[in-house]
Amino acid sequence: MQTKVFKPDQLAAAAAELAAGELVAFPTETVYGLGADATNETAVKKVYQAKGRPSDNPLIVHVADVATVKKYVADFPTTAEKLTQAFWPGSLTIILPLQPNAFSKTVTGGLNTAAFRNPRNQVTLDLIKQLGRPIVGPSANTSGKPSPTLAEHVLHDLAGKIAGVVDDGPTGVGLESTVIDLSTTTPTILRPGAVTKEDIEAVIGSINADHHKVKADEVPKAPGMKYKHYAPNAQVYMTAATDFKAAAAWAREQGEPFGLLATDQVLAEFSALAPAYRFSLGDSIVTASQHLFDGLRHYDQLPEVKLILAEEFPAQGLGVAYMNRLAKSAGQQHFTKSEQ
């Protein structure tokens with residue numbers, strides 16, 4: 001299969017592929033998603049096959065408006081009304097109980113809930129409207145690898161496996177959406193993102209934000225809770241900004257090329273290192289979040305790099321989501337000065 005690249009003015013052709021049961025990757029403000037008609041079980045099964053994704057990992061359903069969600073759910077509580085008014089379109093995914101047989105078990109992972117999102121990207125909203133049905137949209141990458149923030153990332157992983165990708169340039173946020181479960185007694189964040197705990201509590205009051213993992217025999221309600229995620233080929237070590245000199249000295253002792261993934265302030269101390277081994281995260285947690293996955297993918301293009309030293313940020317605000325993704329990409333590995 002030849003994977004087509006659709007421009008934003010070619011949405012009719014992209015929608016036709018989706019209507020025919022094919023897969024088309026699409027842009028959002030977070031990462032690129034892998035789209036299939038959410039009402040076509042055969043098409044949805046192709047998503048799992050293309051990604052190599054476990055079948056009990058549920059898919060997020062992308063919609064063009066709140067009215068579409070209400071067609072499928074058993075209950076749309078006041079908390080959902082408040083959150084959608086405050087954050088949709090945007091980087092918040094909401095889990096709600098479904099009406100019987102609203103979607104196939106392939107979409108829901110066998111659960112009686114589904115995760116809905118209204119993305120803040122006009123191109124994709126128009127694509128959904130042209131199709132006339134919601135689309136599932138996990139990240140458009142090989143399962144377990146860093147999520148795609150450029151159409152080129154999608155093509156790297158999925159060229160020849162999907163019908164097309166709509167190229168709308170780089171994503172803005174760079175980290176997947178916040179996922180909040182409203183099917184529980186207390187609203188619970190299952191995956192942190194750009195919409196923070198503090199943002200949500202300002203709208204609906206106290207929530208639970210500590211449930212980011214599930215047991216081996218438990219079906220996850222949201223992506224990113226159970227399986228290995230965001231991992232490049234090289235081993236990543238989370239590294240404090242003040243420890244980079246010591247970490248680089250330790251990495252040199254390992255005798256293999258290593259890469260840095262850090263802010264400009266940190267990288268300024270390593271001007272002697274080849275530019276290919278210095279990937280900038282910019283100058284703030286916002287730019288770091290935008291470029292984290294791009295940086296991890298950069299080093300996948302350099303097979304000689306076996307170690308990546310990636311800068312840590314305080315787990316506050318957007319930093320909670322950044323550190324959630326970085327920790328998973330590193331397999332929870334931190335550089336400590338005891339490594340020396």
# chains A, B, ... in the order shown; residues from 1 in each chain; ligands from 1
$ residues_around --residues "Thr239 (chain A)" --least-positions-apart "6" --cutoff "7 Å" --atoms "only C-alpha atoms" --output "number ranges by chain"
A: 309-312, 334-335
$ write_last_selection --atoms "N, CA and C atoms" --output "compact mmCIF listing (two decimals), in the first residue's frame"
# COMPACT_ATOMS: atom_id res chain seq x y z
N LEU A 309 20.82 11.43 27.65
CA LEU A 309 20.65 12.15 28.91
C LEU A 309 19.59 13.22 28.67
N ALA A 310 18.43 13.06 29.31
CA ALA A 310 17.29 13.94 29.07
C ALA A 310 16.97 14.76 30.32
N GLU A 311 16.74 16.04 30.13
CA GLU A 311 16.59 16.94 31.26
C GLU A 311 15.26 16.77 31.99
N GLU A 312 15.34 16.72 33.30
CA GLU A 312 14.17 16.67 34.16
C GLU A 312 13.62 18.09 34.39
N HIS A 334 16.90 7.09 36.37
CA HIS A 334 17.48 8.41 36.64
C HIS A 334 19.00 8.29 36.65
N PHE A 335 19.68 9.33 36.18
CA PHE A 335 21.12 9.41 36.45
C PHE A 335 21.30 9.94 37.86
$ residues_around --residues "region 143-149 of chain A" --least-positions-apart "6" --cutoff "10 Å" --atoms "only C-alpha atoms" --output "MDAnalysis selection string"
chainID A and resid 27:33 48:54 155:157 169:176 224 227:233 290:297 300 325 328:329
$ write_last_selection --atoms "C-alpha atoms" --output "mmCIF file, in the first residue's frame"
data_model
loop_
_atom_site.group_PDB
_atom_site.id
_atom_site.type_symbol
_atom_site.label_atom_id
_atom_site.label_comp_id
_atom_site.auth_asym_id
_atom_site.auth_seq_id
_atom_site.Cartn_x
_atom_site.Cartn_y
_atom_site.Cartn_z
ATOM 1 C CA PRO A 27 -3.128 16.247 13.110
ATOM 2 C CA THR A 28 -4.196 17.530 16.497
ATOM 3 C CA GLU A 29 -2.755 20.107 18.869
ATOM 4 C CA THR A 30 -1.236 17.279 20.950
ATOM 5 C CA VAL A 31 0.178 14.591 18.624
ATOM 6 C CA TYR A 32 -0.805 13.009 15.305
ATOM 7 C CA GLY A 33 -3.561 10.407 15.637
ATOM 8 C CA TYR A 48 -4.350 -2.351 16.203
ATOM 9 C CA GLN A 49 -2.681 -4.263 13.377
ATOM 10 C CA ALA A 50 -0.912 -1.231 11.926
ATOM 11 C CA LYS A 51 0.409 -0.105 15.316
ATOM 12 C CA GLY A 52 1.111 -3.520 16.781
ATOM 13 C CA ARG A 53 -1.095 -2.392 19.679
ATOM 14 C CA PRO A 54 -2.436 -4.719 22.422
ATOM 15 C CA LEU A 155 5.495 8.099 7.707
ATOM 16 C CA HIS A 156 8.641 6.785 9.411
ATOM 17 C CA ASP A 157 6.583 4.303 11.435
ATOM 18 C CA GLY A 169 2.752 20.766 10.190
ATOM 19 C CA PRO A 170 4.093 20.371 13.726
ATOM 20 C CA THR A 171 1.727 19.899 16.653
ATOM 21 C CA GLY A 172 1.491 22.651 19.249
ATOM 22 C CA VAL A 173 1.387 20.915 22.641
ATOM 23 C CA GLY A 174 3.527 17.889 21.830
ATOM 24 C CA LEU A 175 2.192 15.639 24.615
ATOM 25 C CA GLU A 176 -0.984 13.544 24.500
ATOM 26 C CA GLY A 224 -0.506 4.807 28.354
ATOM 27 C CA TYR A 227 2.232 -0.964 28.410
ATOM 28 C CA LYS A 228 5.693 0.352 27.630
ATOM 29 C CA HIS A 229 5.441 3.737 25.965
ATOM 30 C CA TYR A 230 7.448 6.492 24.305
ATOM 31 C CA ALA A 231 10.711 4.508 24.288
ATOM 32 C CA PRO A 232 13.481 5.214 21.753
ATOM 33 C CA ASN A 233 16.081 2.596 20.860
ATOM 34 C CA GLN A 290 6.623 20.397 22.411
ATOM 35 C CA HIS A 291 10.004 18.881 21.492
ATOM 36 C CA LEU A 292 10.380 15.851 23.798
ATOM 37 C CA PHE A 293 9.077 13.244 21.367
ATOM 38 C CA ASP A 294 10.812 14.872 18.414
ATOM 39 C CA GLY A 295 14.091 14.688 20.338
ATOM 40 C CA LEU A 296 13.649 11.042 21.239
ATOM 41 C CA ARG A 297 12.910 10.264 17.601
ATOM 42 C CA ASP A 300 16.470 6.865 16.746
ATOM 43 C CA ARG A 325 6.202 10.745 29.471
ATOM 44 C CA LYS A 328 8.121 6.026 30.780
ATOM 45 C CA SER A 329 10.575 6.603 27.937
#
$ closest_residue --among "A:Ala288, A:Ala202, A:Ala64, A:Leu326" --to "Leu125 (chain A)" --atoms "only C-alpha atoms"
A:Ala64
$ residues_around --residues "Leu96 (chain A)" --least-positions-apart "6" --cutoff "8 Å" --atoms "only C-alpha atoms" --output "list in words"
Val73, Ala74, Asp75, Phe76, Thr113, Ala114, Ala115, Phe116, Asp181, Leu182 and Ser183 of chain A
$ residues_around --residues "Ala163 (chain A)" --least-positions-apart "6" --cutoff "10 Å" --atoms "only C-alpha atoms" --output "ChimeraX atom specification"
/A:1-5,14,17-18,21-25
$ select_by_dssp --residues "region 10-51 of chain A" --states "helix (DSSP H, G or I)" --output "PyMOL selection string"
chain A and resi 10-19+41-51
$ select_by_dssp --residues "region 21-72 of chain A" --states "strand (DSSP E)" --output "list in words"
Val24, Ala25, Phe26, Gly33, Leu34, Gly35, Ala36, Asp37, Ile60, Val61 and His62 of chain A
$ residues_around --residues "Gln85 (chain A)" --least-positions-apart "6" --cutoff "12 Å" --atoms "only C-alpha atoms" --output "list in words"
Asp65, Val66, Thr78, Thr79, Leu92, Asn118, Ile200, Val203 and Ile204 of chain A
$ atom_distance --atom1 "CA of Ala140 (chain A)" --atom2 "CA of Pro314 (chain A)"
28.4 Å
$ atom_distance --atom1 "CA of Ile60 (chain A)" --atom2 "CA of Ile135 (chain A)"
8.4 Å
$ atom_distance --atom1 "CA of Pro119 (chain A)" --atom2 "CA of Leu150 (chain A)"
16.2 Å
$ closest_residue --among "A:Ala86, A:Ala262, A:Ala234, A:Met323" --to "Glu201 (chain A)" --atoms "only C-alpha atoms"
A:Ala86
$ residues_around --residues "Thr196 (chain A)" --least-positions-apart "2" --cutoff "8 Å" --atoms "only C-alpha atoms" --output "VMD selection string"
chain A and resid 178 192 to 194 198 to 200 317 to 318
$ write_last_selection --atoms "all heavy atoms" --output "short mmCIF file (atom, residue, chain, number, x, y, z; two decimals), in the first residue's frame"
data_model
loop_
_atom_site.label_atom_id
_atom_site.label_comp_id
_atom_site.auth_asym_id
_atom_site.auth_seq_id
_atom_site.Cartn_x
_atom_site.Cartn_y
_atom_site.Cartn_z
N THR A 178 -4.73 15.15 28.37
CA THR A 178 -5.12 14.72 29.71
C THR A 178 -6.34 13.80 29.57
O THR A 178 -7.25 14.10 28.80
CB THR A 178 -5.50 15.93 30.57
OG1 THR A 178 -4.43 16.86 30.58
CG2 THR A 178 -5.85 15.52 32.00
N PRO A 192 -1.91 12.38 32.76
CA PRO A 192 -1.74 13.83 32.82
C PRO A 192 -1.42 14.41 31.45
O PRO A 192 -0.83 13.74 30.60
CB PRO A 192 -0.57 14.01 33.78
CG PRO A 192 0.23 12.76 33.65
CD PRO A 192 -0.77 11.66 33.37
N GLY A 193 -1.79 15.66 31.25
CA GLY A 193 -1.51 16.34 29.99
C GLY A 193 -1.47 17.83 30.21
O GLY A 193 -1.28 18.32 31.32
N ALA A 194 -1.69 18.58 29.12
CA ALA A 194 -1.57 20.04 29.20
C ALA A 194 -2.67 20.67 30.03
O ALA A 194 -2.48 21.74 30.60
CB ALA A 194 -1.57 20.63 27.79
N GLU A 198 -4.88 21.26 38.44
CA GLU A 198 -5.32 22.55 38.96
C GLU A 198 -6.34 23.21 38.04
O GLU A 198 -7.31 23.82 38.50
CB GLU A 198 -4.11 23.47 39.15
CG GLU A 198 -3.14 23.02 40.24
CD GLU A 198 -2.25 21.84 39.83
OE1 GLU A 198 -2.14 21.55 38.61
OE2 GLU A 198 -1.65 21.23 40.74
N ASP A 199 -6.12 23.07 36.72
CA ASP A 199 -7.08 23.62 35.75
C ASP A 199 -8.46 22.99 35.94
O ASP A 199 -9.48 23.68 35.95
CB ASP A 199 -6.62 23.34 34.32
CG ASP A 199 -5.35 24.08 33.92
OD1 ASP A 199 -5.08 25.14 34.51
OD2 ASP A 199 -4.64 23.57 33.03
N ILE A 200 -8.47 21.67 36.08
CA ILE A 200 -9.73 20.93 36.18
C ILE A 200 -10.43 21.24 37.51
O ILE A 200 -11.65 21.46 37.55
CB ILE A 200 -9.48 19.43 36.03
CG1 ILE A 200 -9.01 19.12 34.60
CG2 ILE A 200 -10.73 18.62 36.36
CD1 ILE A 200 -8.51 17.71 34.40
N GLY A 317 2.37 21.58 37.38
CA GLY A 317 1.69 22.07 36.19
C GLY A 317 1.94 21.16 34.99
O GLY A 317 1.78 19.93 35.08
N LEU A 318 2.34 21.74 33.87
CA LEU A 318 2.64 20.96 32.67
C LEU A 318 3.79 19.98 32.91
O LEU A 318 3.89 18.94 32.24
CB LEU A 318 2.98 21.91 31.51
CG LEU A 318 3.27 21.30 30.14
CD1 LEU A 318 2.11 20.44 29.65
CD2 LEU A 318 3.61 22.39 29.14
#
$ residues_around --residues "region 274-276 of chain A" --least-positions-apart "3" --cutoff "9 Å" --atoms "only C-alpha atoms" --output "PDB file with C-alpha atoms, in the first residue's frame"
ATOM      1  CA  GLY A 259      23.099  12.233  23.110  1.00  0.00           C
ATOM      2  CA  PHE A 270      28.605  21.268  25.712  1.00  0.00           C
ATOM      3  CA  SER A 271      29.551  23.257  22.619  1.00  0.00           C
ATOM      4  CA  PHE A 279      19.005  18.275  20.760  1.00  0.00           C
ATOM      5  CA  HIS A 298      15.960  12.290  16.492  1.00  0.00           C
ATOM      6  CA  TYR A 299      18.216   9.867  18.314  1.00  0.00           C
ATOM      7  CA  LEU A 302      21.454   7.804  15.047  1.00  0.00           C
TER       8      LEU A 302
END
$ closest_residue --among "A:Leu111, A:Met238, A:Ala80, A:Val69" --to "Gln332 (chain A)" --atoms "only C-alpha atoms"
A:Met238
$ closest_residue --among "A:Asp168, A:Gln130, A:Arg117, A:Pro100" --to "Ala151 (chain A)" --atoms "only C-alpha atoms"
A:Asp168
$ decode --residues "region 117-131 of chain A" --atoms "all heavy atoms" --output "PDB file, in the first residue's frame"
ATOM      1  N   ARG A 117     -12.772  12.842  22.829  1.00  0.00           N
ATOM      2  CA  ARG A 117     -12.026  14.098  22.760  1.00  0.00           C
ATOM      3  C   ARG A 117     -12.479  14.917  21.563  1.00  0.00           C
ATOM      4  O   ARG A 117     -12.799  14.366  20.509  1.00  0.00           O
ATOM      5  CB  ARG A 117     -10.515  13.841  22.655  1.00  0.00           C
ATOM      6  CG  ARG A 117      -9.715  15.160  22.723  1.00  0.00           C
ATOM      7  CD  ARG A 117      -8.277  14.927  23.132  1.00  0.00           C
ATOM      8  NE  ARG A 117      -7.339  14.850  22.026  1.00  0.00           N
ATOM      9  CZ  ARG A 117      -6.772  15.900  21.445  1.00  0.00           C
ATOM     10  NH1 ARG A 117      -7.079  17.126  21.830  1.00  0.00           N
ATOM     11  NH2 ARG A 117      -5.897  15.734  20.472  1.00  0.00           N
ATOM     12  N   ASN A 118     -12.506  16.229  21.761  1.00  0.00           N
ATOM     13  CA  ASN A 118     -12.825  17.193  20.722  1.00  0.00           C
ATOM     14  C   ASN A 118     -11.552  17.998  20.471  1.00  0.00           C
ATOM     15  O   ASN A 118     -11.243  18.927  21.201  1.00  0.00           O
ATOM     16  CB  ASN A 118     -13.969  18.088  21.223  1.00  0.00           C
ATOM     17  CG  ASN A 118     -14.387  19.174  20.247  1.00  0.00           C
ATOM     18  OD1 ASN A 118     -14.692  20.276  20.658  1.00  0.00           O
ATOM     19  ND2 ASN A 118     -14.415  18.876  18.969  1.00  0.00           N
ATOM     20  N   PRO A 119     -10.741  17.609  19.477  1.00  0.00           N
ATOM     21  CA  PRO A 119      -9.403  18.198  19.321  1.00  0.00           C
ATOM     22  C   PRO A 119      -9.449  19.662  18.876  1.00  0.00           C
ATOM     23  O   PRO A 119     -10.371  20.086  18.173  1.00  0.00           O
ATOM     24  CB  PRO A 119      -8.749  17.315  18.264  1.00  0.00           C
ATOM     25  CG  PRO A 119      -9.890  16.742  17.490  1.00  0.00           C
ATOM     26  CD  PRO A 119     -11.009  16.570  18.470  1.00  0.00           C
ATOM     27  N   ARG A 120      -8.415  20.405  19.276  1.00  0.00           N
ATOM     28  CA  ARG A 120      -8.317  21.816  18.889  1.00  0.00           C
ATOM     29  C   ARG A 120      -7.466  21.941  17.629  1.00  0.00           C
ATOM     30  O   ARG A 120      -6.370  22.481  17.643  1.00  0.00           O
ATOM     31  CB  ARG A 120      -7.729  22.639  20.038  1.00  0.00           C
ATOM     32  CG  ARG A 120      -7.885  24.146  19.846  1.00  0.00           C
ATOM     33  CD  ARG A 120      -7.388  24.940  21.037  1.00  0.00           C
ATOM     34  NE  ARG A 120      -5.935  24.847  21.175  1.00  0.00           N
ATOM     35  CZ  ARG A 120      -5.300  24.261  22.179  1.00  0.00           C
ATOM     36  NH1 ARG A 120      -5.996  23.653  23.131  1.00  0.00           N
ATOM     37  NH2 ARG A 120      -3.991  24.250  22.236  1.00  0.00           N
ATOM     38  N   ASN A 121      -7.988  21.405  16.549  1.00  0.00           N
ATOM     39  CA  ASN A 121      -7.325  21.505  15.249  1.00  0.00           C
ATOM     40  C   ASN A 121      -8.423  21.569  14.196  1.00  0.00           C
ATOM     41  O   ASN A 121      -9.165  20.589  14.007  1.00  0.00           O
ATOM     42  CB  ASN A 121      -6.409  20.301  15.010  1.00  0.00           C
ATOM     43  CG  ASN A 121      -5.711  20.369  13.656  1.00  0.00           C
ATOM     44  OD1 ASN A 121      -6.331  20.175  12.621  1.00  0.00           O
ATOM     45  ND2 ASN A 121      -4.410  20.655  13.671  1.00  0.00           N
ATOM     46  N   GLN A 122      -8.540  22.690  13.528  1.00  0.00           N
ATOM     47  CA  GLN A 122      -9.657  22.893  12.623  1.00  0.00           C
ATOM     48  C   GLN A 122      -9.632  21.929  11.451  1.00  0.00           C
ATOM     49  O   GLN A 122     -10.682  21.493  10.958  1.00  0.00           O
ATOM     50  CB  GLN A 122      -9.671  24.336  12.117  1.00  0.00           C
ATOM     51  CG  GLN A 122     -10.970  24.718  11.424  1.00  0.00           C
ATOM     52  CD  GLN A 122     -12.185  24.547  12.327  1.00  0.00           C
ATOM     53  OE1 GLN A 122     -12.202  25.035  13.452  1.00  0.00           O
ATOM     54  NE2 GLN A 122     -13.209  23.853  11.841  1.00  0.00           N
ATOM     55  N   VAL A 123      -8.443  21.568  10.993  1.00  0.00           N
ATOM     56  CA  VAL A 123      -8.336  20.625   9.876  1.00  0.00           C
ATOM     57  C   VAL A 123      -8.983  19.289  10.243  1.00  0.00           C
ATOM     58  O   VAL A 123      -9.775  18.722   9.473  1.00  0.00           O
ATOM     59  CB  VAL A 123      -6.856  20.419   9.475  1.00  0.00           C
ATOM     60  CG1 VAL A 123      -6.715  19.266   8.493  1.00  0.00           C
ATOM     61  CG2 VAL A 123      -6.310  21.696   8.856  1.00  0.00           C
ATOM     62  N   THR A 124      -8.684  18.800  11.428  1.00  0.00           N
ATOM     63  CA  THR A 124      -9.241  17.510  11.839  1.00  0.00           C
ATOM     64  C   THR A 124     -10.721  17.617  12.164  1.00  0.00           C
ATOM     65  O   THR A 124     -11.497  16.704  11.866  1.00  0.00           O
ATOM     66  CB  THR A 124      -8.442  16.946  13.027  1.00  0.00           C
ATOM     67  OG1 THR A 124      -7.180  16.491  12.527  1.00  0.00           O
ATOM     68  CG2 THR A 124      -9.155  15.792  13.686  1.00  0.00           C
ATOM     69  N   LEU A 125     -11.141  18.725  12.760  1.00  0.00           N
ATOM     70  CA  LEU A 125     -12.578  18.898  12.995  1.00  0.00           C
ATOM     71  C   LEU A 125     -13.336  18.879  11.666  1.00  0.00           C
ATOM     72  O   LEU A 125     -14.407  18.264  11.556  1.00  0.00           O
ATOM     73  CB  LEU A 125     -12.828  20.217  13.736  1.00  0.00           C
ATOM     74  CG  LEU A 125     -12.316  20.281  15.173  1.00  0.00           C
ATOM     75  CD1 LEU A 125     -12.549  21.678  15.749  1.00  0.00           C
ATOM     76  CD2 LEU A 125     -12.979  19.230  16.040  1.00  0.00           C
ATOM     77  N   ASP A 126     -12.776  19.516  10.646  1.00  0.00           N
ATOM     78  CA  ASP A 126     -13.408  19.499   9.323  1.00  0.00           C
ATOM     79  C   ASP A 126     -13.399  18.096   8.727  1.00  0.00           C
ATOM     80  O   ASP A 126     -14.359  17.688   8.059  1.00  0.00           O
ATOM     81  CB  ASP A 126     -12.696  20.469   8.382  1.00  0.00           C
ATOM     82  CG  ASP A 126     -12.930  21.931   8.757  1.00  0.00           C
ATOM     83  OD1 ASP A 126     -13.860  22.204   9.537  1.00  0.00           O
ATOM     84  OD2 ASP A 126     -12.157  22.794   8.276  1.00  0.00           O
ATOM     85  N   LEU A 127     -12.321  17.346   8.975  1.00  0.00           N
ATOM     86  CA  LEU A 127     -12.242  15.973   8.463  1.00  0.00           C
ATOM     87  C   LEU A 127     -13.338  15.110   9.082  1.00  0.00           C
ATOM     88  O   LEU A 127     -14.015  14.337   8.380  1.00  0.00           O
ATOM     89  CB  LEU A 127     -10.862  15.385   8.781  1.00  0.00           C
ATOM     90  CG  LEU A 127     -10.632  13.920   8.391  1.00  0.00           C
ATOM     91  CD1 LEU A 127     -10.703  13.748   6.880  1.00  0.00           C
ATOM     92  CD2 LEU A 127      -9.282  13.433   8.926  1.00  0.00           C
ATOM     93  N   ILE A 128     -13.523  15.231  10.388  1.00  0.00           N
ATOM     94  CA  ILE A 128     -14.567  14.453  11.071  1.00  0.00           C
ATOM     95  C   ILE A 128     -15.942  14.834  10.536  1.00  0.00           C
ATOM     96  O   ILE A 128     -16.794  13.975  10.297  1.00  0.00           O
ATOM     97  CB  ILE A 128     -14.489  14.670  12.588  1.00  0.00           C
ATOM     98  CG1 ILE A 128     -13.156  14.169  13.143  1.00  0.00           C
ATOM     99  CG2 ILE A 128     -15.629  13.948  13.301  1.00  0.00           C
ATOM    100  CD1 ILE A 128     -12.894  14.556  14.591  1.00  0.00           C
ATOM    101  N   LYS A 129     -16.161  16.120  10.331  1.00  0.00           N
ATOM    102  CA  LYS A 129     -17.451  16.578   9.810  1.00  0.00           C
ATOM    103  C   LYS A 129     -17.692  16.052   8.400  1.00  0.00           C
ATOM    104  O   LYS A 129     -18.818  15.662   8.055  1.00  0.00           O
ATOM    105  CB  LYS A 129     -17.501  18.105   9.823  1.00  0.00           C
ATOM    106  CG  LYS A 129     -17.567  18.709  11.220  1.00  0.00           C
ATOM    107  CD  LYS A 129     -17.462  20.226  11.176  1.00  0.00           C
ATOM    108  CE  LYS A 129     -17.438  20.828  12.564  1.00  0.00           C
ATOM    109  NZ  LYS A 129     -17.232  22.308  12.543  1.00  0.00           N
ATOM    110  N   GLN A 130     -16.638  16.016   7.588  1.00  0.00           N
ATOM    111  CA  GLN A 130     -16.803  15.505   6.221  1.00  0.00           C
ATOM    112  C   GLN A 130     -17.128  14.016   6.233  1.00  0.00           C
ATOM    113  O   GLN A 130     -17.935  13.548   5.432  1.00  0.00           O
ATOM    114  CB  GLN A 130     -15.541  15.767   5.400  1.00  0.00           C
ATOM    115  CG  GLN A 130     -15.346  17.234   5.057  1.00  0.00           C
ATOM    116  CD  GLN A 130     -14.576  17.440   3.757  1.00  0.00           C
ATOM    117  OE1 GLN A 130     -14.596  16.606   2.861  1.00  0.00           O
ATOM    118  NE2 GLN A 130     -13.910  18.587   3.639  1.00  0.00           N
ATOM    119  N   LEU A 131     -16.511  13.273   7.160  1.00  0.00           N
ATOM    120  CA  LEU A 131     -16.830  11.850   7.267  1.00  0.00           C
ATOM    121  C   LEU A 131     -18.247  11.659   7.788  1.00  0.00           C
ATOM    122  O   LEU A 131     -18.955  10.731   7.364  1.00  0.00           O
ATOM    123  CB  LEU A 131     -15.825  11.159   8.193  1.00  0.00           C
ATOM    124  CG  LEU A 131     -16.071   9.670   8.458  1.00  0.00           C
ATOM    125  CD1 LEU A 131     -15.950   8.857   7.168  1.00  0.00           C
ATOM    126  CD2 LEU A 131     -15.112   9.149   9.529  1.00  0.00           C
TER     127      LEU A 131
END
